[in-house]
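Student: File follows, target_27.cif with mmCIF, C-alpha atoms and all ligand atoms:
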data_entry
#
loop_
_atom_site.label_atom_id
_atom_site.label_comp_id
_atom_site.auth_asym_id
_atom_site.auth_seq_id
_atom_site.Cartn_x
_atom_site.Cartn_y
_atom_site.Cartn_z
CA MET A 1 0.00 0.00 0.00
CA PHE A 2 2.84 2.34 0.93
CA LEU A 3 4.75 1.65 -2.28
CA THR A 4 1.73 2.54 -4.43
CA LYS A 5 2.35 6.17 -3.45
CA PHE A 6 5.57 6.06 -5.48
CA ALA A 7 5.10 3.32 -8.09
CA SER A 8 2.56 3.10 -10.90
CA LYS A 9 2.27 -0.66 -10.54
CA ILE A 10 3.07 -3.13 -7.73
CA THR A 11 3.10 -6.90 -8.07
CA ILE A 12 2.99 -8.98 -4.90
CA ILE A 13 4.46 -12.45 -5.33
CA HIS A 14 2.87 -14.60 -2.63
CA ARG A 15 3.75 -18.20 -1.80
CA LYS A 16 0.24 -19.22 -0.75
CA ASP A 17 -3.24 -18.80 -2.21
CA SER A 18 -4.42 -16.36 0.46
CA PHE A 19 -3.14 -13.68 2.81
CA ARG A 20 -3.07 -13.94 6.60
CA ALA A 21 -3.36 -10.20 7.26
CA SER A 22 -6.53 -8.65 8.71
CA LYS A 23 -9.56 -8.69 6.39
CA ILE A 24 -9.59 -4.92 6.10
CA MET A 25 -5.93 -4.79 5.01
CA GLN A 26 -6.50 -7.62 2.53
CA GLN A 27 -9.49 -5.76 1.11
CA ARG A 28 -7.44 -2.58 0.69
CA VAL A 29 -4.72 -4.45 -1.19
CA LEU A 30 -7.03 -6.55 -3.33
CA THR A 31 -9.14 -3.58 -4.42
CA ASN A 32 -6.19 -1.28 -5.08
CA PRO A 33 -6.03 -0.84 -8.88
CA LYS A 34 -2.24 -0.42 -8.74
CA ILE A 35 -1.67 -3.80 -7.06
CA LYS A 36 -1.67 -7.18 -8.73
CA VAL A 37 -1.13 -10.39 -6.75
CA VAL A 38 0.60 -13.45 -8.18
CA TRP A 39 -0.50 -16.31 -5.91
CA ASN A 40 1.24 -19.64 -5.19
CA SER A 41 4.56 -18.35 -6.42
CA GLU A 42 8.01 -17.35 -5.27
CA VAL A 43 10.88 -15.32 -6.66
CA VAL A 44 13.77 -17.56 -7.64
CA GLU A 45 16.05 -15.00 -9.24
CA ILE A 46 16.48 -11.24 -9.42
CA LEU A 47 17.61 -10.08 -12.85
CA GLY A 48 19.60 -6.96 -13.58
CA ASP A 49 22.44 -5.29 -15.37
CA SER A 50 25.39 -3.89 -13.46
CA LYS A 51 23.37 -0.79 -12.53
CA LYS A 52 19.81 -1.75 -11.70
CA VAL A 53 17.15 -4.40 -11.31
CA THR A 54 15.41 -5.24 -14.58
CA GLY A 55 13.13 -8.10 -13.57
CA ILE A 56 12.58 -11.31 -11.64
CA LYS A 57 12.12 -14.99 -12.38
CA ILE A 58 9.15 -16.61 -10.69
CA LYS A 59 8.35 -20.24 -9.97
CA ASN A 60 4.84 -21.29 -9.05
CA THR A 61 4.02 -24.19 -6.75
CA ALA A 62 3.11 -26.37 -9.77
CA GLY A 63 6.71 -25.91 -10.95
CA SER A 64 6.21 -23.66 -13.98
CA ARG A 65 8.53 -20.69 -14.38
CA SER A 66 8.01 -17.22 -15.78
CA SER A 67 9.68 -13.82 -15.89
CA LEU A 68 8.39 -10.41 -14.91
CA ALA A 69 9.98 -7.09 -15.84
CA CYS A 70 10.23 -4.67 -12.92
CA ASN A 71 12.30 -1.76 -11.66
CA GLY A 72 12.65 -2.76 -8.02
CA VAL A 73 12.29 -5.67 -5.62
CA PHE A 74 11.31 -5.42 -1.95
CA LEU A 75 11.63 -8.50 0.23
CA ALA A 76 9.05 -9.16 2.93
CA ILE A 77 9.31 -12.79 3.90
CA GLY A 78 8.86 -12.79 7.67
CA HIS A 79 11.07 -12.28 10.67
CA VAL A 80 13.66 -14.54 12.25
CA PRO A 81 15.55 -12.93 15.14
CA ASN A 82 19.30 -13.35 14.70
CA THR A 83 19.91 -14.79 18.18
CA LYS A 84 21.60 -18.14 17.57
CA VAL A 85 24.75 -16.72 19.10
CA PHE A 86 22.91 -16.39 22.44
CA VAL A 87 21.49 -19.93 22.61
CA GLY A 88 22.47 -21.50 25.91
CA LYS A 89 23.65 -18.15 27.26
CA LEU A 90 20.55 -15.95 27.38
CA ASN A 91 16.90 -16.89 27.79
CA LEU A 92 15.01 -16.94 24.49
CA ASP A 93 11.33 -17.55 23.86
CA GLU A 94 10.13 -20.39 21.64
CA LYS A 95 10.50 -18.22 18.51
CA GLY A 96 14.04 -17.18 19.36
CA TYR A 97 13.37 -13.68 20.69
CA LEU A 98 15.52 -12.56 23.62
CA GLN A 99 13.61 -12.43 26.87
CA ALA A 100 14.01 -9.21 28.84
CA ASP A 101 12.08 -7.62 31.66
CA ARG A 102 10.56 -4.13 31.42
CA PHE A 103 13.94 -2.62 32.32
CA MET A 104 15.59 -4.54 29.45
CA HIS A 105 17.48 -6.87 31.81
CA THR A 106 18.14 -10.34 30.43
CA ASN A 107 18.63 -13.33 32.72
CA LEU A 108 22.36 -12.60 32.79
CA PRO A 109 23.29 -9.72 35.14
CA GLY A 110 24.96 -6.90 33.19
CA VAL A 111 23.57 -8.03 29.83
CA PHE A 112 20.70 -6.01 28.41
CA ALA A 113 18.48 -6.51 25.37
CA ALA A 114 16.99 -3.89 23.07
CA GLY A 115 15.32 -3.53 19.69
CA ASP A 116 13.52 -5.94 17.41
CA VAL A 117 15.53 -8.88 18.67
CA GLN A 118 13.55 -8.79 21.93
CA ASP A 119 10.25 -7.48 20.53
CA ILE A 120 7.90 -9.90 18.82
CA ARG A 121 4.98 -7.48 18.89
CA TYR A 122 5.89 -3.98 17.61
CA ARG A 123 9.21 -4.24 15.73
CA GLN A 124 9.27 -0.54 14.85
CA ALA A 125 12.17 1.90 14.57
CA ILE A 126 10.83 4.06 17.36
CA THR A 127 10.26 1.20 19.80
CA ALA A 128 13.70 -0.22 18.96
CA ALA A 129 15.28 3.17 19.63
CA GLY A 130 13.26 3.55 22.84
CA THR A 131 14.31 0.20 24.23
CA GLY A 132 17.86 0.98 23.10
CA CYS A 133 17.78 4.11 25.25
CA GLN A 134 16.35 2.15 28.19
CA ALA A 135 19.01 -0.55 27.85
CA ALA A 136 21.80 2.04 27.61
CA MET A 137 20.60 3.80 30.77
CA GLU A 138 20.31 0.49 32.61
CA ALA A 139 23.81 -0.50 31.45
CA GLU A 140 25.21 2.80 32.69
CA LYS A 141 23.48 2.30 36.06
CA TYR A 142 24.79 -1.26 36.27
CA LEU A 143 28.36 -0.14 35.54
CA ALA A 144 28.14 2.68 38.09
CA GLU A 145 26.89 0.25 40.74
CA HIS A 146 29.64 -2.27 39.95
CA GLU A 147 32.46 0.20 39.53
CA LYS A 148 34.64 -1.38 42.17
C1 LIG A 201 10.87 -3.42 4.91
C2 LIG A 201 10.82 -2.82 6.29
C3 LIG A 201 10.12 -1.64 6.47
C4 LIG A 201 10.05 -1.04 7.74
N1 LIG A 201 9.36 0.11 7.88
C5 LIG A 201 9.32 0.70 9.09
C6 LIG A 201 8.64 1.93 9.25
O1 LIG A 201 8.07 2.49 8.31
N2 LIG A 201 8.62 2.49 10.49
C7 LIG A 201 9.23 1.91 11.55
O2 LIG A 201 9.20 2.47 12.66
N3 LIG A 201 9.89 0.74 11.42
C8 LIG A 201 9.94 0.11 10.22
N4 LIG A 201 10.59 -1.08 10.08
C9 LIG A 201 11.17 -1.72 11.27
C10 LIG A 201 12.52 -1.11 11.65
O3 LIG A 201 13.39 -1.16 10.54
C11 LIG A 201 13.07 -1.95 12.81
O4 LIG A 201 12.12 -1.96 13.86
C12 LIG A 201 14.38 -1.40 13.32
O5 LIG A 201 15.35 -1.30 12.31
C13 LIG A 201 14.90 -2.30 14.45
O6 LIG A 201 16.11 -1.78 14.90
P1 LIG A 201 17.14 -2.71 15.62
O7 LIG A 201 18.31 -1.83 15.94
O8 LIG A 201 16.48 -3.43 16.75
O9 LIG A 201 17.54 -3.84 14.58
P2 LIG A 201 18.24 -3.69 13.15
O10 LIG A 201 17.93 -2.37 12.51
O11 LIG A 201 17.86 -4.94 12.43
O12 LIG A 201 19.79 -3.68 13.49
C14 LIG A 201 20.46 -4.84 13.92
C15 LIG A 201 21.91 -4.70 13.49
O13 LIG A 201 22.67 -5.76 14.06
C16 LIG A 201 23.52 -6.29 13.08
N5 LIG A 201 23.84 -7.67 13.46
C17 LIG A 201 23.06 -8.76 13.37
N6 LIG A 201 23.71 -9.84 13.83
C18 LIG A 201 24.93 -9.41 14.23
C19 LIG A 201 26.07 -10.05 14.80
N7 LIG A 201 26.08 -11.36 15.07
N8 LIG A 201 27.14 -9.31 15.07
C20 LIG A 201 27.15 -7.96 14.83
N9 LIG A 201 26.11 -7.30 14.29
C21 LIG A 201 25.02 -8.03 14.00
C22 LIG A 201 22.74 -6.17 11.79
O14 LIG A 201 23.59 -6.20 10.67
C23 LIG A 201 22.05 -4.82 11.96
O15 LIG A 201 22.87 -3.76 11.51
C24 LIG A 201 10.70 -1.67 8.83
C25 LIG A 201 11.41 -2.87 8.64
C26 LIG A 201 11.45 -3.43 7.37
C27 LIG A 201 12.24 -4.70 7.18
#
Please, can you express the file's structure as structure tokens?
Ligand SMILES: Cc1cc2nc3c(=O)[nH]c(=O)nc-3n(C[C@H](O)[C@H](O)[C@H](O)COP(=O)(O)OP(=O)(O)OC[C@H]3O[C@@H](n4cnc5c(N)ncnc54)[C@H](O)[C@@H]3O)c2cc1C

Tutor:
Amino acid sequence: MFLTKFASKITIIHRKDSFRASKIMQQRVLTNPKIKVVWNSEVVEILGDSKKVTGIKIKNTAGSRSSLACNGVFLAIGHVPNTKVFVGKLNLDEKGYLQADRFMHTNLPGVFAAGDVQDIRYRQAITAAGTGCQAAMEAEKYLAEHEK
């Protein structure tokens, strides 16, 4: 929806035959004359010259392949928090997000969490920056208290 403010035509390549978003958002997308949806398909290759994107190659779930000319590609394929490095060291939830209390403390004293990596719900720049500020202030407090 956002991209339609800047582009004359948007094609959504979607792996399944339906969306999971709220009905109202689906309706807005499906009735937007600038948006076309290609269902049951995924992008297998991004084509381009040395300067810019020129198109994509698509494969549908039945196995047939096609090409689509386009000027840009935006990936939106879900979220996986990059927390493998903390496995066994910090508490993670079942989806891999770092667990922190409301003061951004993890289970390990002196280690604080901030940003999307500990936020399954909002994952926004402003909330990431806000929790970053909280974590920084808590870290400063922790260091001051443990100076000696
Ligand atoms: C397509 C898209 C559109 C968005 N639009 C908006 C919007 O309109 N408004 C809004 O508020 N938010 C938007 N967001 C969300 C916003 O970008 C995030 O909430 C925000 O960037 C999270 O900040 P962060 O610092 O927690 O994580 P990130 O910005 O992801 O930063 C994490 C950093 O850690 C680095 N890193 C990862 N692993 C390691 C490692 N092992 N060692 C060292 N460094 C590592 C990464 O390279 C990255 O630089 C959008 C996100 C996407 C993907």

Student: For A:Ala113, please output as a VMD selection string all residues within 10 Å (counting only C-alpha atoms; exclusion window: fewer than 6 positions along the same chain).

Tutor: chain A and resid 90 97 to 101 103 to 106 119 131 to 132 134 to 136

Student: Ligand LIG 201 (chain A): which residues are within 9 Å, counting all atoms listed in the file? Reply as a PyMOL selection string.

Tutor: chain A and resi 74-76+78-79+81-85+114-119+122-129+131-132

Student: Smallest atom-to-atom distance to A:His14: which of A:Val53, A:Ala69, A:Ile77, A:Val44, using all atoms listed in the file?

Tutor: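 Among A:Val53, A:Ala69, A:Ile77, A:Val44, it is A:Ile77 that comes nearest to A:His14.
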
Student: Using only C-alpha atoms, can you tell me which of A:Val43, A:Cys133, A:Leu30, A:Val38 comes closest to A:Ile12?

Tutor: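 Among A:Val43, A:Cys133, A:Leu30, A:Val38, it is A:Val38 that comes nearest to A:Ile12.
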
Student: So which one's closest to A:Gly96, A:Tyr142, A:Lys9, A:Gly55, A:Ile120? Using all atoms listed in the file, please.

Tutor: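 Using all atoms listed in the file, the shortest distance to A:Gly96 belongs to A:Ile120.
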
Student: What is the atom CA of A:Thr4-atom CA of A:Thr61 distance in Å, reported with one decimal?

Tutor: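 Atom CA of A:Thr61 lies 26.9 Å from atom CA of A:Thr4.
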
Student: Show me, as number ranges by chain, the residues that have an atom within 12 Å of A:Ile35 when counting all atoms listed in the file, minus same-chain residues fewer than 3 positions from it.

Tutor: A: 1-5, 7-13, 26-32, 38

Student: Report the distance between atom CA of A:Lys89 and atom CA of A:Leu108 in Å, rounded to one decimal place.

Tutor: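 A separation of 7.9 Å between them.
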
Student: Could you add whatever atoms are missing so that stretch 40-54 of chain A carries N, CA, C and O atoms, then write the result as a PDB file, in the coordinates of the input?

Tutor:
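File written: selection03.pdb
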ATOM      1  N   ASN A  40       0.566 -18.329  -5.106  1.00  0.00           N
ATOM      2  CA  ASN A  40       1.240 -19.640  -5.190  1.00  0.00           C
ATOM      3  C   ASN A  40       2.584 -19.580  -5.912  1.00  0.00           C
ATOM      4  O   ASN A  40       2.940 -20.481  -6.669  1.00  0.00           O
ATOM      5  N   SER A  41       3.311 -18.533  -5.663  1.00  0.00           N
ATOM      6  CA  SER A  41       4.560 -18.350  -6.420  1.00  0.00           C
ATOM      7  C   SER A  41       5.663 -17.773  -5.542  1.00  0.00           C
ATOM      8  O   SER A  41       5.387 -17.151  -4.520  1.00  0.00           O
ATOM      9  N   GLU A  42       6.896 -17.993  -5.965  1.00  0.00           N
ATOM     10  CA  GLU A  42       8.010 -17.350  -5.270  1.00  0.00           C
ATOM     11  C   GLU A  42       9.060 -16.869  -6.260  1.00  0.00           C
ATOM     12  O   GLU A  42       9.158 -17.376  -7.376  1.00  0.00           O
ATOM     13  N   VAL A  43       9.822 -15.885  -5.816  1.00  0.00           N
ATOM     14  CA  VAL A  43      10.880 -15.320  -6.660  1.00  0.00           C
ATOM     15  C   VAL A  43      12.094 -16.235  -6.543  1.00  0.00           C
ATOM     16  O   VAL A  43      12.539 -16.538  -5.437  1.00  0.00           O
ATOM     17  N   VAL A  44      12.600 -16.685  -7.679  1.00  0.00           N
ATOM     18  CA  VAL A  44      13.770 -17.560  -7.640  1.00  0.00           C
ATOM     19  C   VAL A  44      15.045 -16.846  -8.087  1.00  0.00           C
ATOM     20  O   VAL A  44      16.148 -17.301  -7.826  1.00  0.00           O
ATOM     21  N   GLU A  45      14.869 -15.728  -8.782  1.00  0.00           N
ATOM     22  CA  GLU A  45      16.050 -15.000  -9.240  1.00  0.00           C
ATOM     23  C   GLU A  45      15.702 -13.529  -9.469  1.00  0.00           C
ATOM     24  O   GLU A  45      14.606 -13.211  -9.940  1.00  0.00           O
ATOM     25  N   ILE A  46      16.642 -12.668  -9.114  1.00  0.00           N
ATOM     26  CA  ILE A  46      16.480 -11.240  -9.420  1.00  0.00           C
ATOM     27  C   ILE A  46      17.402 -10.929 -10.580  1.00  0.00           C
ATOM     28  O   ILE A  46      18.595 -11.236 -10.544  1.00  0.00           O
ATOM     29  N   LEU A  47      16.838 -10.348 -11.635  1.00  0.00           N
ATOM     30  CA  LEU A  47      17.610 -10.080 -12.850  1.00  0.00           C
ATOM     31  C   LEU A  47      18.034  -8.610 -12.880  1.00  0.00           C
ATOM     32  O   LEU A  47      17.322  -7.749 -12.360  1.00  0.00           O
ATOM     33  N   GLY A  48      19.172  -8.348 -13.484  1.00  0.00           N
ATOM     34  CA  GLY A  48      19.600  -6.960 -13.580  1.00  0.00           C
ATOM     35  C   GLY A  48      20.857  -6.808 -14.395  1.00  0.00           C
ATOM     36  O   GLY A  48      21.532  -7.796 -14.703  1.00  0.00           O
ATOM     37  N   ASP A  49      21.133  -5.564 -14.777  1.00  0.00           N
ATOM     38  CA  ASP A  49      22.440  -5.290 -15.370  1.00  0.00           C
ATOM     39  C   ASP A  49      23.333  -4.806 -14.233  1.00  0.00           C
ATOM     40  O   ASP A  49      22.969  -4.908 -13.074  1.00  0.00           O
ATOM     41  N   SER A  50      24.473  -4.256 -14.548  1.00  0.00           N
ATOM     42  CA  SER A  50      25.390  -3.890 -13.460  1.00  0.00           C
ATOM     43  C   SER A  50      24.885  -2.687 -12.666  1.00  0.00           C
ATOM     44  O   SER A  50      25.399  -2.377 -11.598  1.00  0.00           O
ATOM     45  N   LYS A  51      23.833  -2.014 -13.192  1.00  0.00           N
ATOM     46  CA  LYS A  51      23.370  -0.790 -12.530  1.00  0.00           C
ATOM     47  C   LYS A  51      22.055  -0.933 -11.787  1.00  0.00           C
ATOM     48  O   LYS A  51      21.855  -0.336 -10.737  1.00  0.00           O
ATOM     49  N   LYS A  52      21.126  -1.712 -12.344  1.00  0.00           N
ATOM     50  CA  LYS A  52      19.810  -1.750 -11.700  1.00  0.00           C
ATOM     51  C   LYS A  52      19.070  -3.061 -11.950  1.00  0.00           C
ATOM     52  O   LYS A  52      19.434  -3.834 -12.834  1.00  0.00           O
ATOM     53  N   VAL A  53      18.027  -3.228 -11.152  1.00  0.00           N
ATOM     54  CA  VAL A  53      17.150  -4.400 -11.310  1.00  0.00           C
ATOM     55  C   VAL A  53      16.336  -4.228 -12.591  1.00  0.00           C
ATOM     56  O   VAL A  53      15.841  -3.137 -12.883  1.00  0.00           O
ATOM     57  N   THR A  54      16.212  -5.313 -13.347  1.00  0.00           N
ATOM     58  CA  THR A  54      15.410  -5.240 -14.580  1.00  0.00           C
ATOM     59  C   THR A  54      14.214  -6.206 -14.539  1.00  0.00           C
ATOM     60  O   THR A  54      13.305  -6.089 -15.346  1.00  0.00           O
TER      61      THR A  54
END
